[in-house]
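Novice: To be precise about what I am sending: the file is called input.pdb and holds PDB, N, CA and C atoms.
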ATOM      1  N   MET A   1      13.194 -22.393 -13.188
ATOM      2  CA  MET A   1      13.687 -21.554 -12.119
ATOM      3  C   MET A   1      14.000 -22.448 -10.932
ATOM      4  N   LYS A   2      15.194 -22.297 -10.390
ATOM      5  CA  LYS A   2      15.629 -23.108  -9.268
ATOM      6  C   LYS A   2      15.619 -22.274  -8.006
ATOM      7  N   VAL A   3      15.050 -22.822  -6.948
ATOM      8  CA  VAL A   3      14.972 -22.125  -5.673
ATOM      9  C   VAL A   3      15.998 -22.739  -4.737
ATOM     10  N   GLY A   4      16.779 -21.887  -4.072
ATOM     11  CA  GLY A   4      17.803 -22.369  -3.154
ATOM     12  C   GLY A   4      17.200 -22.952  -1.880
ATOM     13  N   ASN A   5      18.059 -23.593  -1.095
ATOM     14  CA  ASN A   5      17.619 -24.192   0.165
ATOM     15  C   ASN A   5      17.270 -23.117   1.183
ATOM     16  N   VAL A   6      16.303 -23.414   2.004
ATOM     17  CA  VAL A   6      15.886 -22.508   3.065
ATOM     18  C   VAL A   6      16.528 -22.995   4.353
ATOM     19  N   SER A   7      17.257 -22.133   5.028
ATOM     20  CA  SER A   7      17.938 -22.549   6.253
ATOM     21  C   SER A   7      16.957 -22.597   7.419
ATOM     22  N   GLN A   8      17.349 -23.335   8.447
ATOM     23  CA  GLN A   8      16.515 -23.479   9.635
ATOM     24  C   GLN A   8      16.322 -22.141  10.331
ATOM     25  N   SER A   9      17.370 -21.292  10.343
ATOM     26  CA  SER A   9      17.245 -19.995  11.011
ATOM     27  C   SER A   9      16.243 -19.093  10.300
ATOM     28  N   MET A  10      16.191 -19.197   8.972
ATOM     29  CA  MET A  10      15.208 -18.408   8.225
ATOM     30  C   MET A  10      13.799 -18.852   8.579
ATOM     31  N   LEU A  11      13.599 -20.162   8.666
ATOM     32  CA  LEU A  11      12.275 -20.676   9.008
ATOM     33  C   LEU A  11      11.886 -20.297  10.428
ATOM     34  N   SER A  12      12.849 -20.347  11.348
ATOM     35  CA  SER A  12      12.520 -20.011  12.731
ATOM     36  C   SER A  12      12.148 -18.547  12.867
ATOM     37  N   LYS A  13      12.775 -17.663  12.069
ATOM     38  CA  LYS A  13      12.410 -16.241  12.109
ATOM     39  C   LYS A  13      10.991 -16.030  11.604
ATOM     40  N   VAL A  14      10.639 -16.764  10.563
ATOM     41  CA  VAL A  14       9.315 -16.596   9.976
ATOM     42  C   VAL A  14       8.240 -17.132  10.918
ATOM     43  N   TYR A  15       8.459 -18.309  11.494
ATOM     44  CA  TYR A  15       7.413 -18.959  12.285
ATOM     45  C   TYR A  15       7.431 -18.597  13.761
ATOM     46  N   SER A  16       8.514 -17.990  14.236
ATOM     47  CA  SER A  16       8.566 -17.666  15.658
ATOM     48  C   SER A  16       7.885 -16.347  15.985
ATOM     49  N   GLY A  17       7.517 -15.584  14.981
ATOM     50  CA  GLY A  17       6.907 -14.284  15.230
ATOM     51  C   GLY A  17       7.944 -13.269  15.658
ATOM     52  N   ASP A  18       9.162 -13.403  15.154
ATOM     53  CA  ASP A  18      10.258 -12.499  15.488
ATOM     54  C   ASP A  18       9.848 -11.063  15.159
ATOM     55  N   GLN A  19       9.953 -10.163  16.128
ATOM     56  CA  GLN A  19       9.504  -8.779  15.962
ATOM     57  C   GLN A  19      10.273  -8.073  14.856
ATOM     58  N   LYS A  20      11.574  -8.304  14.765
ATOM     59  CA  LYS A  20      12.378  -7.634  13.735
ATOM     60  C   LYS A  20      11.940  -8.065  12.346
ATOM     61  N   ALA A  21      11.667  -9.343  12.185
ATOM     62  CA  ALA A  21      11.238  -9.844  10.883
ATOM     63  C   ALA A  21       9.862  -9.293  10.519
ATOM     64  N   SER A  22       8.989  -9.136  11.512
ATOM     65  CA  SER A  22       7.635  -8.683  11.204
ATOM     66  C   SER A  22       7.559  -7.180  10.969
ATOM     67  N   GLU A  23       8.519  -6.405  11.505
ATOM     68  CA  GLU A  23       8.486  -4.957  11.305
ATOM     69  C   GLU A  23       8.709  -4.583   9.849
ATOM     70  N   SER A  24       9.539  -5.343   9.166
ATOM     71  CA  SER A  24       9.808  -5.025   7.771
ATOM     72  C   SER A  24       9.148  -6.037   6.853
ATOM     73  N   GLY A  25       8.156  -6.739   7.347
ATOM     74  CA  GLY A  25       7.478  -7.760   6.567
ATOM     75  C   GLY A  25       6.583  -7.164   5.490
ATOM     76  N   PHE A  26       6.177  -8.044   4.609
ATOM     77  CA  PHE A  26       5.356  -7.631   3.477
ATOM     78  C   PHE A  26       4.037  -7.019   3.932
ATOM     79  N   ALA A  27       3.432  -7.599   4.953
ATOM     80  CA  ALA A  27       2.157  -7.076   5.441
ATOM     81  C   ALA A  27       2.305  -5.653   5.966
ATOM     82  N   ASN A  28       3.387  -5.385   6.677
ATOM     83  CA  ASN A  28       3.590  -4.032   7.203
ATOM     84  C   ASN A  28       3.903  -3.037   6.103
ATOM     85  N   ILE A  29       4.617  -3.473   5.083
ATOM     86  CA  ILE A  29       4.891  -2.590   3.957
ATOM     87  C   ILE A  29       3.585  -2.209   3.278
ATOM     88  N   LEU A  30       2.714  -3.203   3.076
ATOM     89  CA  LEU A  30       1.404  -2.913   2.472
ATOM     90  C   LEU A  30       0.562  -2.014   3.365
ATOM     91  N   LYS A  31       0.583  -2.287   4.665
ATOM     92  CA  LYS A  31      -0.201  -1.485   5.601
ATOM     93  C   LYS A  31       0.269  -0.035   5.589
ATOM     94  N   ASN A  32       1.576   0.178   5.567
ATOM     95  CA  ASN A  32       2.108   1.542   5.523
ATOM     96  C   ASN A  32       1.742   2.248   4.227
ATOM     97  N   ALA A  33       1.797   1.523   3.117
ATOM     98  CA  ALA A  33       1.433   2.116   1.829
ATOM     99  C   ALA A  33      -0.045   2.504   1.807
ATOM    100  N   ILE A  34      -0.883   1.646   2.345
ATOM    101  CA  ILE A  34      -2.318   1.946   2.393
ATOM    102  C   ILE A  34      -2.582   3.149   3.292
ATOM    103  N   ASN A  35      -1.866   3.226   4.407
ATOM    104  CA  ASN A  35      -2.023   4.381   5.298
ATOM    105  C   ASN A  35      -1.580   5.680   4.627
ATOM    106  N   GLU A  36      -0.526   5.610   3.818
ATOM    107  CA  GLU A  36      -0.087   6.807   3.094
ATOM    108  C   GLU A  36      -1.136   7.254   2.079
ATOM    109  N   VAL A  37      -1.716   6.303   1.370
ATOM    110  CA  VAL A  37      -2.762   6.634   0.396
ATOM    111  C   VAL A  37      -3.964   7.229   1.119
ATOM    112  N   ASP A  38      -4.324   6.638   2.253
ATOM    113  CA  ASP A  38      -5.431   7.161   3.047
ATOM    114  C   ASP A  38      -5.144   8.589   3.500
ATOM    115  N   GLY A  39      -3.921   8.845   3.910
ATOM    116  CA  GLY A  39      -3.539  10.198   4.324
ATOM    117  C   GLY A  39      -3.671  11.199   3.184
ATOM    118  N   MET A  40      -3.253  10.789   1.989
ATOM    119  CA  MET A  40      -3.382  11.677   0.827
ATOM    120  C   MET A  40      -4.843  11.962   0.512
ATOM    121  N   GLN A  41      -5.677  10.937   0.641
ATOM    122  CA  GLN A  41      -7.109  11.123   0.400
ATOM    123  C   GLN A  41      -7.721  12.069   1.425
ATOM    124  N   LYS A  42      -7.302  11.950   2.680
ATOM    125  CA  LYS A  42      -7.825  12.824   3.730
ATOM    126  C   LYS A  42      -7.377  14.267   3.536
ATOM    127  N   VAL A  43      -6.129  14.469   3.121
ATOM    128  CA  VAL A  43      -5.642  15.827   2.851
ATOM    129  C   VAL A  43      -6.440  16.442   1.715
ATOM    130  N   SER A  44      -6.661  15.657   0.665
ATOM    131  CA  SER A  44      -7.444  16.140  -0.472
ATOM    132  C   SER A  44      -8.851  16.526  -0.047
ATOM    133  N   SER A  45      -9.468  15.682   0.768
ATOM    134  CA  SER A  45     -10.818  15.955   1.234
ATOM    135  C   SER A  45     -10.863  17.201   2.117
ATOM    136  N   ALA A  46      -9.878  17.344   2.991
ATOM    137  CA  ALA A  46      -9.843  18.501   3.884
ATOM    138  C   ALA A  46      -9.644  19.795   3.102
ATOM    139  N   LEU A  47      -8.758  19.775   2.116
ATOM    140  CA  LEU A  47      -8.546  20.972   1.310
ATOM    141  C   LEU A  47      -9.780  21.311   0.484
ATOM    142  N   THR A  48     -10.439  20.293  -0.055
ATOM    143  CA  THR A  48     -11.652  20.528  -0.839
ATOM    144  C   THR A  48     -12.745  21.127   0.036
ATOM    145  N   ASN A  49     -12.913  20.571   1.235
ATOM    146  CA  ASN A  49     -13.923  21.105   2.149
ATOM    147  C   ASN A  49     -13.597  22.530   2.581
ATOM    148  N   ALA A  50     -12.312  22.819   2.778
ATOM    149  CA  ALA A  50     -11.911  24.173   3.150
ATOM    150  C   ALA A  50     -12.199  25.149   2.015
ATOM    151  N   ALA A  51     -11.949  24.733   0.786
ATOM    152  CA  ALA A  51     -12.227  25.602  -0.363
ATOM    153  C   ALA A  51     -13.727  25.838  -0.507
ATOM    154  N   ILE A  52     -14.516  24.801  -0.297
ATOM    155  CA  ILE A  52     -15.972  24.940  -0.392
ATOM    156  C   ILE A  52     -16.495  25.865   0.701
ATOM    157  N   ALA A  53     -15.886  25.795   1.893
ATOM    158  CA  ALA A  53     -16.324  26.626   3.016
ATOM    159  C   ALA A  53     -15.891  28.082   2.858
ATOM    160  N   GLY A  54     -15.068  28.356   1.861
ATOM    161  CA  GLY A  54     -14.669  29.734   1.608
ATOM    162  C   GLY A  54     -13.416  30.169   2.352
ATOM    163  N   ARG A  55     -12.686  29.226   2.911
ATOM    164  CA  ARG A  55     -11.447  29.581   3.598
ATOM    165  C   ARG A  55     -10.374  29.964   2.592
ATOM    166  N   ASP A  56      -9.313  30.540   3.104
ATOM    167  CA  ASP A  56      -8.219  31.006   2.247
ATOM    168  C   ASP A  56      -7.349  29.821   1.824
ATOM    169  N   VAL A  57      -7.759  29.165   0.751
ATOM    170  CA  VAL A  57      -7.035  28.016   0.210
ATOM    171  C   VAL A  57      -6.789  28.276  -1.261
ATOM    172  N   GLN A  58      -5.569  28.024  -1.693
ATOM    173  CA  GLN A  58      -5.240  28.209  -3.107
ATOM    174  C   GLN A  58      -5.878  27.085  -3.926
ATOM    175  N   VAL A  59      -6.446  27.457  -5.056
ATOM    176  CA  VAL A  59      -7.121  26.480  -5.905
ATOM    177  C   VAL A  59      -6.133  25.436  -6.414
ATOM    178  N   HIS A  60      -4.921  25.877  -6.753
ATOM    179  CA  HIS A  60      -3.958  24.917  -7.278
ATOM    180  C   HIS A  60      -3.538  23.901  -6.206
ATOM    181  N   ASP A  61      -3.535  24.289  -4.934
ATOM    182  CA  ASP A  61      -3.232  23.339  -3.862
ATOM    183  C   ASP A  61      -4.317  22.276  -3.748
ATOM    184  N   VAL A  62      -5.563  22.695  -3.921
ATOM    185  CA  VAL A  62      -6.682  21.754  -3.879
ATOM    186  C   VAL A  62      -6.579  20.777  -5.044
ATOM    187  N   MET A  63      -6.287  21.304  -6.233
ATOM    188  CA  MET A  63      -6.189  20.449  -7.419
ATOM    189  C   MET A  63      -5.016  19.479  -7.319
ATOM    190  N   ILE A  64      -3.876  19.949  -6.837
ATOM    191  CA  ILE A  64      -2.702  19.092  -6.709
ATOM    192  C   ILE A  64      -2.960  17.991  -5.692
ATOM    193  N   ALA A  65      -3.544  18.342  -4.554
ATOM    194  CA  ALA A  65      -3.849  17.335  -3.534
ATOM    195  C   ALA A  65      -4.847  16.308  -4.069
ATOM    196  N   GLY A  66      -5.829  16.775  -4.815
ATOM    197  CA  GLY A  66      -6.808  15.858  -5.401
ATOM    198  C   GLY A  66      -6.177  14.896  -6.388
ATOM    199  N   GLU A  67      -5.286  15.402  -7.233
ATOM    200  CA  GLU A  67      -4.623  14.545  -8.211
ATOM    201  C   GLU A  67      -3.653  13.576  -7.539
ATOM    202  N   LYS A  68      -2.966  14.036  -6.487
ATOM    203  CA  LYS A  68      -2.076  13.137  -5.753
ATOM    204  C   LYS A  68      -2.869  11.997  -5.126
ATOM    205  N   GLY A  69      -3.995  12.332  -4.517
ATOM    206  CA  GLY A  69      -4.832  11.306  -3.908
ATOM    207  C   GLY A  69      -5.373  10.329  -4.933
ATOM    208  N   LYS A  70      -5.819  10.855  -6.066
ATOM    209  CA  LYS A  70      -6.362   9.995  -7.115
ATOM    210  C   LYS A  70      -5.285   9.102  -7.701
ATOM    211  N   LEU A  71      -4.119   9.662  -7.968
ATOM    212  CA  LEU A  71      -3.037   8.891  -8.553
ATOM    213  C   LEU A  71      -2.542   7.815  -7.587
ATOM    214  N   ALA A  72      -2.422   8.158  -6.316
ATOM    215  CA  ALA A  72      -1.984   7.182  -5.315
ATOM    216  C   ALA A  72      -3.005   6.051  -5.185
ATOM    217  N   PHE A  73      -4.286   6.397  -5.207
ATOM    218  CA  PHE A  73      -5.320   5.370  -5.110
ATOM    219  C   PHE A  73      -5.308   4.468  -6.330
ATOM    220  N   ASP A  74      -5.160   5.056  -7.527
ATOM    221  CA  ASP A  74      -5.108   4.258  -8.750
ATOM    222  C   ASP A  74      -3.916   3.304  -8.740
ATOM    223  N   LEU A  75      -2.772   3.792  -8.266
ATOM    224  CA  LEU A  75      -1.592   2.936  -8.178
ATOM    225  C   LEU A  75      -1.821   1.806  -7.185
ATOM    226  N   MET A  76      -2.401   2.119  -6.032
ATOM    227  CA  MET A  76      -2.687   1.097  -5.038
ATOM    228  C   MET A  76      -3.644   0.049  -5.600
ATOM    229  N   LEU A  77      -4.617   0.483  -6.349
ATOM    230  CA  LEU A  77      -5.580  -0.438  -6.950
ATOM    231  C   LEU A  77      -4.900  -1.356  -7.966
ATOM    232  N   GLU A  78      -3.988  -0.816  -8.759
ATOM    233  CA  GLU A  78      -3.267  -1.645  -9.728
ATOM    234  C   GLU A  78      -2.356  -2.649  -9.040
ATOM    235  N   VAL A  79      -1.707  -2.238  -7.954
ATOM    236  CA  VAL A  79      -0.868  -3.167  -7.195
ATOM    237  C   VAL A  79      -1.730  -4.274  -6.620
ATOM    238  N   ARG A  80      -2.888  -3.923  -6.089
ATOM    239  CA  ARG A  80      -3.807  -4.921  -5.559
ATOM    240  C   ARG A  80      -4.237  -5.895  -6.644
ATOM    241  N   ASN A  81      -4.554  -5.375  -7.824
ATOM    242  CA  ASN A  81      -4.970  -6.240  -8.925
ATOM    243  C   ASN A  81      -3.856  -7.211  -9.315
ATOM    244  N   LYS A  82      -2.612  -6.734  -9.336
ATOM    245  CA  LYS A  82      -1.483  -7.596  -9.670
ATOM    246  C   LYS A  82      -1.266  -8.659  -8.599
ATOM    247  N   LEU A  83      -1.448  -8.279  -7.329
ATOM    248  CA  LEU A  83      -1.301  -9.253  -6.250
ATOM    249  C   LEU A  83      -2.377 -10.333  -6.332
ATOM    250  N   VAL A  84      -3.600  -9.944  -6.618
ATOM    251  CA  VAL A  84      -4.687 -10.914  -6.752
ATOM    252  C   VAL A  84      -4.429 -11.818  -7.956
ATOM    253  N   GLU A  85      -3.939 -11.233  -9.036
ATOM    254  CA  GLU A  85      -3.621 -12.002 -10.232
ATOM    255  C   GLU A  85      -2.506 -13.019  -9.938
ATOM    256  N   ALA A  86      -1.480 -12.602  -9.203
ATOM    257  CA  ALA A  86      -0.388 -13.508  -8.848
ATOM    258  C   ALA A  86      -0.886 -14.612  -7.922
ATOM    259  N   TYR A  87      -1.745 -14.263  -6.969
ATOM    260  CA  TYR A  87      -2.313 -15.261  -6.064
ATOM    261  C   TYR A  87      -3.139 -16.303  -6.851
ATOM    262  N   ASP A  88      -3.955 -15.818  -7.769
ATOM    263  CA  ASP A  88      -4.749 -16.738  -8.585
ATOM    264  C   ASP A  88      -3.855 -17.661  -9.389
ATOM    265  N   GLU A  89      -2.763 -17.122  -9.914
ATOM    266  CA  GLU A  89      -1.819 -17.929 -10.690
ATOM    267  C   GLU A  89      -1.187 -19.007  -9.803
ATOM    268  N   LEU A  90      -0.844 -18.650  -8.580
ATOM    269  CA  LEU A  90      -0.285 -19.635  -7.648
ATOM    270  C   LEU A  90      -1.294 -20.722  -7.303
ATOM    271  N   MET A  91      -2.546 -20.328  -7.159
ATOM    272  CA  MET A  91      -3.571 -21.312  -6.826
ATOM    273  C   MET A  91      -3.837 -22.270  -7.973
ATOM    274  N   ARG A  92      -3.589 -21.847  -9.195
ATOM    275  CA  ARG A  92      -3.797 -22.719 -10.354
ATOM    276  C   ARG A  92      -2.656 -23.700 -10.566
ATOM    277  N   MET A  93      -1.516 -23.451  -9.922
ATOM    278  CA  MET A  93      -0.344 -24.324 -10.107
ATOM    279  C   MET A  93      -0.598 -25.687  -9.489
ATOM    280  N   ASN A  94      -0.149 -26.717 -10.196
ATOM    281  CA  ASN A  94      -0.241 -28.079  -9.673
ATOM    282  C   ASN A  94       0.961 -28.342  -8.792
ATOM    283  N   MET A  95       0.708 -28.965  -7.682
ATOM    284  CA  MET A  95       1.808 -29.290  -6.761
ATOM    285  C   MET A  95       2.144 -30.746  -6.865
TER     286      MET A  95
END
The structure in this file should be written as structure tokens.

Specialist:
Amino acid sequence: MKVGNVSQSMLSKVYSGDQKASESGFANILKNAINEVDGMQKVSSALTNAAIAGRDVQVHDVMIAGEKGKLAFDLMLEVRNKLVEAYDELMRMNM
């Protein structure tokens, strides 16, 4: 696999802390995804607590929210595992 040349402007964007580059950066994408999963978990928890308290909540809404939260968390966990696996692979490479 051949990697192309990196231009000076690309490097300056990365190392200068350019706000535009950091808004759509990998870290922010991960942070937003984690926040979405957290939101799904909180909705699931709130609906479950409302159902337990006897409020007017549809059972299927509680089940759907619970499955969405579980599925989102499982997906996030698998992505994390793949990222750790890729990082380990990079660390094993000889330079």

Novice: Tell me, in Å to one decimal, how far CA of Ile52 (chain A) is from atom N of Glu67 (chain A).

Specialist: 15.9 Å

Novice: Pick out the closest residue to Gln41 (chain A) from this set: A:Gly66, A:Val79, A:Glu85, A:Leu90. Count only C-alpha atoms.

Specialist: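 Between A:Gly66, A:Val79, A:Glu85, A:Leu90, the residue approaching Gln41 (chain A) most closely is A:Gly66.
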
Novice: Work out how far CA of Lys31 (chain A) is from CA of His60 (chain A), in Å to one decimal.

Specialist: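 Straight-line distance from CA of His60 (chain A) to CA of Lys31 (chain A) works out to 29.6 Å.
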
Novice: Once you count all atoms listed in the file, which residues end up no further than 7 Å from (1.8, 8.0, -3.9) in the file's frame, shown as a ChimeraX atom specification?

Specialist: /A:36-37,68,71-73

Novice: Quick one: of A:Met76, A:Ala46, A:Ala51, A:Ile64, who's nearest to Ile34 (chain A), counting only N, CA and C atoms?

Specialist: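 Closest to Ile34 (chain A), using only N, CA and C atoms: A:Met76.
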
Novice: In Å, rounded to a single decimal, give me how far CA of Ser45 (chain A) is from atom N of Gly69 (chain A).

Specialist: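 Distance between the two atoms: 9.6 Å.
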
Novice: Find the residues near Asp61 (chain A): any atom within 8 Å, counting all atoms listed in the file, skip ones fewer than 6 places away on the same chain, and give them as a list in words.

Specialist: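 Non-adjacent residues within range: Ser44, Leu47, Thr48 and Glu67 of chain A.
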
Novice: Work out where the centre of an axis-aligned box around every listed atom of region 74-84 of chain A lies and how long its edges are once 3 Å is added on each side; give both in Å to one decimal as lines of an AutoDock Vina configuration file.

Specialist:
center_x = -3.2
center_y = -3.4
center_z = -7.4
size_x = 10.7
size_y = 22.9
size_z = 10.7

Novice: Can you pull out every residue from region 16-67 of chain A that DSSP, working from the backbone, puts in helix (DSSP H, G or I), and format the result as a ChimeraX atom specification?

Specialist: /A:19-23,26-52,59-67

Novice: Those residues you just picked out, can you put them in a file as a short mmCIF file (atom, residue, chain, number, x, y, z; two decimals), keeping the file's coordinate frame with N, CA and C atoms?

Specialist:
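The result, stored in out.cif:
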data_model
loop_
_atom_site.label_atom_id
_atom_site.label_comp_id
_atom_site.auth_asym_id
_atom_site.auth_seq_id
_atom_site.Cartn_x
_atom_site.Cartn_y
_atom_site.Cartn_z
N GLN A 19 9.95 -10.16 16.13
CA GLN A 19 9.50 -8.78 15.96
C GLN A 19 10.27 -8.07 14.86
N LYS A 20 11.57 -8.30 14.76
CA LYS A 20 12.38 -7.63 13.74
C LYS A 20 11.94 -8.06 12.35
N ALA A 21 11.67 -9.34 12.18
CA ALA A 21 11.24 -9.84 10.88
C ALA A 21 9.86 -9.29 10.52
N SER A 22 8.99 -9.14 11.51
CA SER A 22 7.64 -8.68 11.20
C SER A 22 7.56 -7.18 10.97
N GLU A 23 8.52 -6.40 11.50
CA GLU A 23 8.49 -4.96 11.30
C GLU A 23 8.71 -4.58 9.85
N PHE A 26 6.18 -8.04 4.61
CA PHE A 26 5.36 -7.63 3.48
C PHE A 26 4.04 -7.02 3.93
N ALA A 27 3.43 -7.60 4.95
CA ALA A 27 2.16 -7.08 5.44
C ALA A 27 2.31 -5.65 5.97
N ASN A 28 3.39 -5.38 6.68
CA ASN A 28 3.59 -4.03 7.20
C ASN A 28 3.90 -3.04 6.10
N ILE A 29 4.62 -3.47 5.08
CA ILE A 29 4.89 -2.59 3.96
C ILE A 29 3.58 -2.21 3.28
N LEU A 30 2.71 -3.20 3.08
CA LEU A 30 1.40 -2.91 2.47
C LEU A 30 0.56 -2.01 3.36
N LYS A 31 0.58 -2.29 4.66
CA LYS A 31 -0.20 -1.48 5.60
C LYS A 31 0.27 -0.04 5.59
N ASN A 32 1.58 0.18 5.57
CA ASN A 32 2.11 1.54 5.52
C ASN A 32 1.74 2.25 4.23
N ALA A 33 1.80 1.52 3.12
CA ALA A 33 1.43 2.12 1.83
C ALA A 33 -0.04 2.50 1.81
N ILE A 34 -0.88 1.65 2.35
CA ILE A 34 -2.32 1.95 2.39
C ILE A 34 -2.58 3.15 3.29
N ASN A 35 -1.87 3.23 4.41
CA ASN A 35 -2.02 4.38 5.30
C ASN A 35 -1.58 5.68 4.63
N GLU A 36 -0.53 5.61 3.82
CA GLU A 36 -0.09 6.81 3.09
C GLU A 36 -1.14 7.25 2.08
N VAL A 37 -1.72 6.30 1.37
CA VAL A 37 -2.76 6.63 0.40
C VAL A 37 -3.96 7.23 1.12
N ASP A 38 -4.32 6.64 2.25
CA ASP A 38 -5.43 7.16 3.05
C ASP A 38 -5.14 8.59 3.50
N GLY A 39 -3.92 8.85 3.91
CA GLY A 39 -3.54 10.20 4.32
C GLY A 39 -3.67 11.20 3.18
N MET A 40 -3.25 10.79 1.99
CA MET A 40 -3.38 11.68 0.83
C MET A 40 -4.84 11.96 0.51
N GLN A 41 -5.68 10.94 0.64
CA GLN A 41 -7.11 11.12 0.40
C GLN A 41 -7.72 12.07 1.42
N LYS A 42 -7.30 11.95 2.68
CA LYS A 42 -7.82 12.82 3.73
C LYS A 42 -7.38 14.27 3.54
N VAL A 43 -6.13 14.47 3.12
CA VAL A 43 -5.64 15.83 2.85
C VAL A 43 -6.44 16.44 1.72
N SER A 44 -6.66 15.66 0.66
CA SER A 44 -7.44 16.14 -0.47
C SER A 44 -8.85 16.53 -0.05
N SER A 45 -9.47 15.68 0.77
CA SER A 45 -10.82 15.96 1.23
C SER A 45 -10.86 17.20 2.12
N ALA A 46 -9.88 17.34 2.99
CA ALA A 46 -9.84 18.50 3.88
C ALA A 46 -9.64 19.80 3.10
N LEU A 47 -8.76 19.77 2.12
CA LEU A 47 -8.55 20.97 1.31
C LEU A 47 -9.78 21.31 0.48
N THR A 48 -10.44 20.29 -0.06
CA THR A 48 -11.65 20.53 -0.84
C THR A 48 -12.74 21.13 0.04
N ASN A 49 -12.91 20.57 1.24
CA ASN A 49 -13.92 21.10 2.15
C ASN A 49 -13.60 22.53 2.58
N ALA A 50 -12.31 22.82 2.78
CA ALA A 50 -11.91 24.17 3.15
C ALA A 50 -12.20 25.15 2.02
N ALA A 51 -11.95 24.73 0.79
CA ALA A 51 -12.23 25.60 -0.36
C ALA A 51 -13.73 25.84 -0.51
N ILE A 52 -14.52 24.80 -0.30
CA ILE A 52 -15.97 24.94 -0.39
C ILE A 52 -16.50 25.86 0.70
N VAL A 59 -6.45 27.46 -5.06
CA VAL A 59 -7.12 26.48 -5.90
C VAL A 59 -6.13 25.44 -6.41
N HIS A 60 -4.92 25.88 -6.75
CA HIS A 60 -3.96 24.92 -7.28
C HIS A 60 -3.54 23.90 -6.21
N ASP A 61 -3.54 24.29 -4.93
CA ASP A 61 -3.23 23.34 -3.86
C ASP A 61 -4.32 22.28 -3.75
N VAL A 62 -5.56 22.70 -3.92
CA VAL A 62 -6.68 21.75 -3.88
C VAL A 62 -6.58 20.78 -5.04
N MET A 63 -6.29 21.30 -6.23
CA MET A 63 -6.19 20.45 -7.42
C MET A 63 -5.02 19.48 -7.32
N ILE A 64 -3.88 19.95 -6.84
CA ILE A 64 -2.70 19.09 -6.71
C ILE A 64 -2.96 17.99 -5.69
N ALA A 65 -3.54 18.34 -4.55
CA ALA A 65 -3.85 17.34 -3.53
C ALA A 65 -4.85 16.31 -4.07
N GLY A 66 -5.83 16.77 -4.82
CA GLY A 66 -6.81 15.86 -5.40
C GLY A 66 -6.18 14.90 -6.39
N GLU A 67 -5.29 15.40 -7.23
CA GLU A 67 -4.62 14.54 -8.21
C GLU A 67 -3.65 13.58 -7.54
#

Novice: Check the smallest atom-to-atom distance from each of A:Val59, A:Ala65, A:Ala86, A:Ala27 to Val43 (chain A) using all atoms listed in the file, then report the winner.

Specialist: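 For Val43 (chain A), the nearest of the given residues is A:Ala65.
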